[in-house]
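Dumped start_35.txt below, it's compact mmCIF, C-alpha atoms:
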```txt
# COMPACT_ATOMS: atom_id res chain seq x y z
CA MET A 14 27.37 -28.83 -25.98
CA VAL A 15 24.88 -28.15 -23.19
CA GLU A 16 21.17 -27.80 -23.88
CA TRP A 17 18.29 -26.69 -21.72
CA GLU A 18 14.73 -25.55 -22.06
CA PRO A 19 14.56 -21.78 -22.50
CA GLY A 20 13.07 -20.20 -19.43
CA HIS A 21 13.73 -23.28 -17.29
CA PHE A 22 16.01 -21.35 -14.92
CA GLY A 23 13.61 -18.48 -14.57
CA ARG A 24 12.72 -15.33 -16.41
CA SER A 25 16.17 -13.75 -16.03
CA ILE A 26 17.61 -16.05 -18.71
CA ASP A 27 18.18 -14.65 -22.17
CA THR A 28 16.33 -17.18 -24.32
CA SER A 29 17.71 -15.96 -27.63
CA PHE A 30 19.89 -19.08 -27.78
CA GLU A 31 19.15 -22.67 -26.84
CA THR A 32 22.60 -24.27 -27.02
CA LEU A 33 25.76 -23.21 -25.34
CA ARG A 34 29.29 -23.99 -26.41
CA ILE A 35 31.39 -24.77 -23.37
CA SER A 36 35.16 -24.85 -23.44
CA PRO A 37 36.89 -28.16 -22.73
CA ARG A 38 38.02 -26.72 -19.38
CA GLY A 39 34.43 -25.70 -18.52
CA LEU A 40 33.11 -29.11 -19.56
CA GLU A 41 35.70 -30.79 -17.37
CA ALA A 42 34.62 -28.61 -14.41
CA LEU A 43 30.95 -29.48 -15.04
CA GLN A 44 31.77 -33.19 -15.17
CA ARG A 45 33.68 -32.95 -11.87
CA ALA A 46 30.77 -31.12 -10.30
CA ALA A 47 28.29 -33.71 -11.64
CA ALA A 48 30.39 -36.54 -10.21
CA THR A 49 30.52 -34.77 -6.85
CA ILE A 50 26.77 -34.17 -6.88
CA ALA A 51 26.09 -37.82 -7.76
CA GLY A 52 28.51 -39.27 -5.23
CA THR A 53 28.52 -37.09 -2.14
CA ARG A 54 26.45 -37.10 1.01
CA SER A 55 28.16 -34.03 2.38
CA SER A 56 26.04 -30.92 2.21
CA ILE A 57 29.18 -28.78 2.13
CA GLU A 58 30.58 -30.61 -0.93
CA LEU A 59 27.17 -30.55 -2.60
CA ARG A 60 26.77 -26.82 -2.02
CA GLN A 61 30.26 -26.18 -3.49
CA ALA A 62 29.53 -28.37 -6.53
CA VAL A 63 26.33 -26.41 -7.26
CA ARG A 64 28.29 -23.17 -6.93
CA ASP A 65 30.86 -24.56 -9.39
CA VAL A 66 28.12 -25.36 -11.93
CA PHE A 67 26.73 -21.84 -11.62
CA ALA A 68 30.23 -20.35 -11.97
CA VAL A 69 30.99 -22.32 -15.15
CA LEU A 70 27.65 -21.46 -16.73
CA ARG A 71 28.01 -17.77 -15.81
CA SER A 72 31.56 -17.70 -17.23
CA HIS A 73 30.13 -18.94 -20.54
CA GLY A 74 27.51 -16.22 -20.76
CA VAL A 75 24.51 -17.73 -19.03
CA PRO A 76 23.06 -14.95 -16.88
CA LEU A 77 22.57 -16.97 -13.71
CA HIS A 78 22.74 -15.24 -10.39
CA LEU A 79 23.26 -17.49 -7.42
CA PRO A 80 20.79 -16.46 -4.73
CA PRO A 81 22.15 -16.01 -1.22
CA GLU A 82 21.93 -19.08 1.01
CA SER A 83 19.43 -17.24 3.18
CA ALA A 84 16.97 -17.45 0.27
CA PHE A 85 16.72 -21.21 0.87
CA VAL A 86 16.12 -21.02 4.61
CA GLU A 87 12.70 -20.09 5.87
CA ALA A 88 12.48 -18.24 9.14
CA VAL A 89 10.30 -20.14 11.58
CA PRO A 90 7.97 -17.94 13.62
CA GLU A 91 8.46 -18.15 17.38
CA HIS A 92 4.91 -19.44 17.99
CA GLU A 93 5.65 -22.44 15.71
CA VAL A 94 8.81 -23.27 17.64
CA VAL A 95 6.85 -23.05 20.89
CA LEU A 96 4.04 -25.21 19.47
CA ALA A 97 6.48 -27.86 18.18
CA ARG A 98 8.03 -28.13 21.64
CA ILE A 99 4.61 -28.38 23.25
CA ILE A 100 3.49 -31.13 20.85
CA ASP A 101 6.73 -33.03 21.41
CA ARG A 102 6.37 -32.71 25.17
CA ALA A 103 2.71 -33.72 25.11
CA LEU A 104 3.33 -36.79 22.97
CA SER A 105 6.28 -37.80 25.14
CA HIS A 106 4.05 -38.28 28.19
CA ARG A 107 3.29 -41.90 27.51
CA GLY A 108 0.30 -43.25 29.28
CA ASP A 109 -1.05 -39.81 30.10
CA ARG A 110 -4.08 -38.64 28.17
CA VAL A 111 -3.23 -35.17 26.96
CA GLY A 112 -6.05 -32.87 25.95
CA MET A 113 -6.43 -29.30 24.76
CA VAL A 114 -6.62 -28.05 28.37
CA ASP A 115 -3.15 -29.51 28.99
CA LEU A 116 -1.83 -27.86 25.83
CA GLU A 117 -3.34 -24.54 26.91
CA ASP A 118 -1.56 -24.85 30.26
CA LEU A 119 1.75 -25.66 28.56
CA SER A 120 1.47 -22.84 26.01
CA GLY A 121 -0.11 -20.10 28.08
CA TRP A 122 -2.31 -19.24 25.07
CA SER A 123 -6.08 -18.99 25.08
CA GLU A 124 -8.02 -21.94 23.69
CA ARG A 125 -8.91 -19.95 20.57
CA SER A 126 -5.28 -18.92 19.90
CA LEU A 127 -4.03 -22.45 20.54
CA ARG A 128 -6.58 -23.95 18.13
CA ARG A 129 -5.68 -21.38 15.46
CA HIS A 130 -1.92 -21.90 15.85
CA LEU A 131 -2.34 -25.66 15.89
CA ARG A 132 -4.56 -25.70 12.77
CA GLN A 133 -2.04 -23.52 10.89
CA TYR A 134 0.88 -25.65 12.09
CA LEU A 135 -0.72 -28.95 11.09
CA ARG A 136 -1.62 -27.57 7.65
CA LYS A 137 1.78 -25.96 7.03
CA TYR A 138 3.80 -29.03 7.97
CA HIS A 139 1.42 -31.47 6.25
CA PHE A 140 0.31 -33.44 9.26
CA ASP A 141 -2.52 -35.73 8.33
CA ALA A 142 -4.78 -34.30 11.02
CA LEU A 143 -6.95 -31.25 11.42
CA ALA A 144 -6.89 -30.85 15.19
CA TRP A 145 -5.09 -32.02 18.34
CA ARG A 146 -7.45 -34.92 19.08
CA GLU A 147 -6.91 -36.38 15.59
CA LEU A 148 -3.13 -35.88 15.76
CA TYR A 149 -3.01 -37.55 19.19
CA ARG A 150 -5.22 -40.44 18.05
CA ARG A 151 -3.03 -41.06 14.98
CA TRP A 152 0.14 -40.86 17.05
CA ARG A 153 -1.20 -43.48 19.46
CA LEU A 154 -2.21 -45.76 16.58
CA SER A 155 1.09 -45.49 14.72
CA THR A 156 3.07 -45.98 17.93
CA GLY A 157 0.86 -48.95 18.78
CA LEU A 158 1.52 -50.47 15.36
CA ALA A 159 5.27 -50.10 15.84
CA LEU A 160 5.24 -51.48 19.36
CA MET A 161 3.07 -54.47 18.48
CA GLY A 162 5.76 -55.53 16.00
CA ALA A 163 8.15 -56.26 18.89
CA ALA A 164 8.68 -59.94 19.66
CA LYS A 165 7.50 -59.87 23.30
CA ALA A 166 4.79 -57.22 22.96
CA THR A 167 1.36 -58.01 24.31
CA THR A 168 -1.86 -56.18 23.65
CA GLU A 169 -2.18 -55.53 27.36
CA SER A 170 1.30 -54.04 27.82
CA VAL A 171 1.12 -51.79 24.74
CA ALA A 172 -2.41 -50.62 25.61
CA GLU A 173 -1.24 -49.67 29.10
CA TYR A 174 1.92 -48.01 27.77
CA LEU A 175 -0.10 -45.82 25.38
CA GLY A 176 -2.69 -44.90 27.99
CA TYR A 177 -5.70 -46.82 26.69
CA SER A 178 -8.22 -47.58 29.41
CA SER A 179 -8.09 -51.30 28.58
CA PRO A 180 -6.79 -53.76 25.97
CA THR A 181 -10.33 -53.81 24.58
CA ALA A 182 -10.25 -50.04 24.02
CA PHE A 183 -6.89 -50.46 22.25
CA CYS A 184 -8.34 -53.16 19.96
CA ARG A 185 -11.43 -51.01 19.30
CA ALA A 186 -9.21 -48.07 18.28
CA PHE A 187 -7.44 -50.29 15.75
CA ALA A 188 -10.75 -51.61 14.41
CA SER A 189 -12.27 -48.14 14.05
CA ALA A 190 -9.19 -47.06 12.06
CA GLY A 191 -9.60 -50.05 9.73
CA LEU A 192 -6.44 -51.74 11.02
CA PRO A 193 -5.98 -55.41 11.79
CA SER A 194 -6.18 -56.43 15.44
CA PRO A 195 -3.11 -55.55 17.52
CA GLY A 196 -2.43 -59.24 18.18
CA SER A 197 -2.21 -60.02 14.47
CA ILE A 198 0.32 -57.28 13.67
CA ARG A 199 3.36 -59.42 14.48
CA ARG A 200 2.12 -62.23 12.24
CA LEU A 201 1.59 -59.78 9.39
CA LEU A 202 5.11 -58.38 9.72
```

Here is the file; what I need is its structure written in the form of structure tokens.
Amino acid sequence: MVEWEPGHFGRSIDTSFETLRISPRGLEALQRAAATIAGTRSSIELRQAVRDVFAVLRSHGVPLHLPPESAFVEAVPEHEVVLARIIDRALSHRGDRVGMVDLEDLSGWSERSLRRHLRQYLRKYHFDALAWRELYRRWRLSTGLALMGAAKATTESVAEYLGYSSPTAFCRAFASAGLPSPGSIRRLL
């Protein structure tokens, strides 16, 4: 006996019944699929197990229609691909201060277009920043936190690596973000 909430699978389900009698063969197929789903890390096996569940339920009268795989893949606009590459490239230039002018040069877009694309990109992909300066500042802080956890890291070397003008500026950035001092990070870890 399989039960579900009427309407749970969408409006296309006939909700005139709430329980479904499944044949022993169908139940065995569902149990195999459930075991596969619970125990696999392979996306191919997982996809096939989900198809098997849909097939068993459909064969027992549940009006499920498996959407095409393309329904689960969102097309990424070209400007987002370009922007992702630019952000990756800009953040990869350790020690270099990268500003909007540099991003404009890399993208070939006007400042206004770049700001608009960047704002949309950050919102869509849930970055915790509203603009390039904030994203860059947070990247430097999080990278600084990670690097200061290394056994031989010094405030001076990490500050230089991340492009801070001095170790004092690096410490000030941590303090203004409400973080402990860079030197105390290793002790806290």

Which residue gives the smallest distance to Arg153 of chain A among A:Arg60, A:Arg45, A:Arg98, A:His106, with only C-alpha atoms counted?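 The shortest atom-to-atom distance to Arg153 of chain A comes from A:His106.
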
Selection near Arg146 of chain A, 10 Å with all atoms listed in the file, sequence-local residues under 6 positions removed, as a PDB file with C-alpha atoms, keeping the file's coordinate frame:
```pdb
ATOM      1  CA  VAL A 111      -3.230 -35.170  26.960  1.00  0.00           C
ATOM      2  CA  GLY A 112      -6.050 -32.870  25.950  1.00  0.00           C
ATOM      3  CA  MET A 113      -6.430 -29.300  24.760  1.00  0.00           C
ATOM      4  CA  TRP A 152       0.140 -40.860  17.050  1.00  0.00           C
TER       5      TRP A 152
END
```

Tell me, as a PDB file with C-alpha atoms, in the frame of the given file, which residues lie within 8 Å of segment 120-128 of chain A, counting all atoms listed in the file; anything in the same chain fewer than 6 positions away does not count.
```
ATOM      1  CA  VAL A  95       6.850 -23.050  20.890  1.00  0.00           C
ATOM      2  CA  LEU A  96       4.040 -25.210  19.470  1.00  0.00           C
ATOM      3  CA  ILE A  99       4.610 -28.380  23.250  1.00  0.00           C
ATOM      4  CA  MET A 113      -6.430 -29.300  24.760  1.00  0.00           C
ATOM      5  CA  VAL A 114      -6.620 -28.050  28.370  1.00  0.00           C
ATOM      6  CA  ALA A 144      -6.890 -30.850  15.190  1.00  0.00           C
TER       7      ALA A 144
END
```

Figure out the distance between atom CA of Phe140 of chain A and atom CA of Gly162 of chain A, please, to one decimal in Å.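 So the two atoms, atom CA of Gly162 of chain A and atom CA of Phe140 of chain A, lie 23.7 Å apart.
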
Nearest residue to Gly39 of chain A out of A:Glu58, A:Leu70, A:Glu173, A:Thr53, using all atoms listed in the file? A:Leu70

Segment 119-128 of chain A: axis-aligned bounding box, 4 Å on each side, centre and edge lengths in Å, one decimal, as lines of an AutoDock Vina configuration file:
```
center_x = -3.6
center_y = -22.3
center_z = 23.3
size_x = 18.7
size_y = 14.7
size_z = 18.4
```

Atomic separation - atom CA of Leu104 of chain A relative to atom CA of Tyr174 of chain A, Å: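 Here the two named atoms are 12.3 Å from each other.
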
One decimal, in Å: what's the spacing between atom CA of Leu119 of chain A and atom CA of Asp141 of chain A? 23.0 Å

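Take the candidates A:Arg110, A:Val94, A:Asp101, A:Arg151 and check each one against Ser189 of chain A using all atoms listed in the file; the shortest distance goes to A:Arg151.
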
Residue nearest Leu192 of chain A among A:Ser179, A:Tyr149, A:Ala163, A:Ser155 (counting only C-alpha atoms):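 For Leu192 of chain A, the nearest of the candidates is A:Ser155.
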
Excluding Ser36 of chain A and its own-chain neighbours fewer than 2 positions away, which residues fall within 12 Å of it when counting all atoms listed in the file? Please give them as a count of residues only. 15
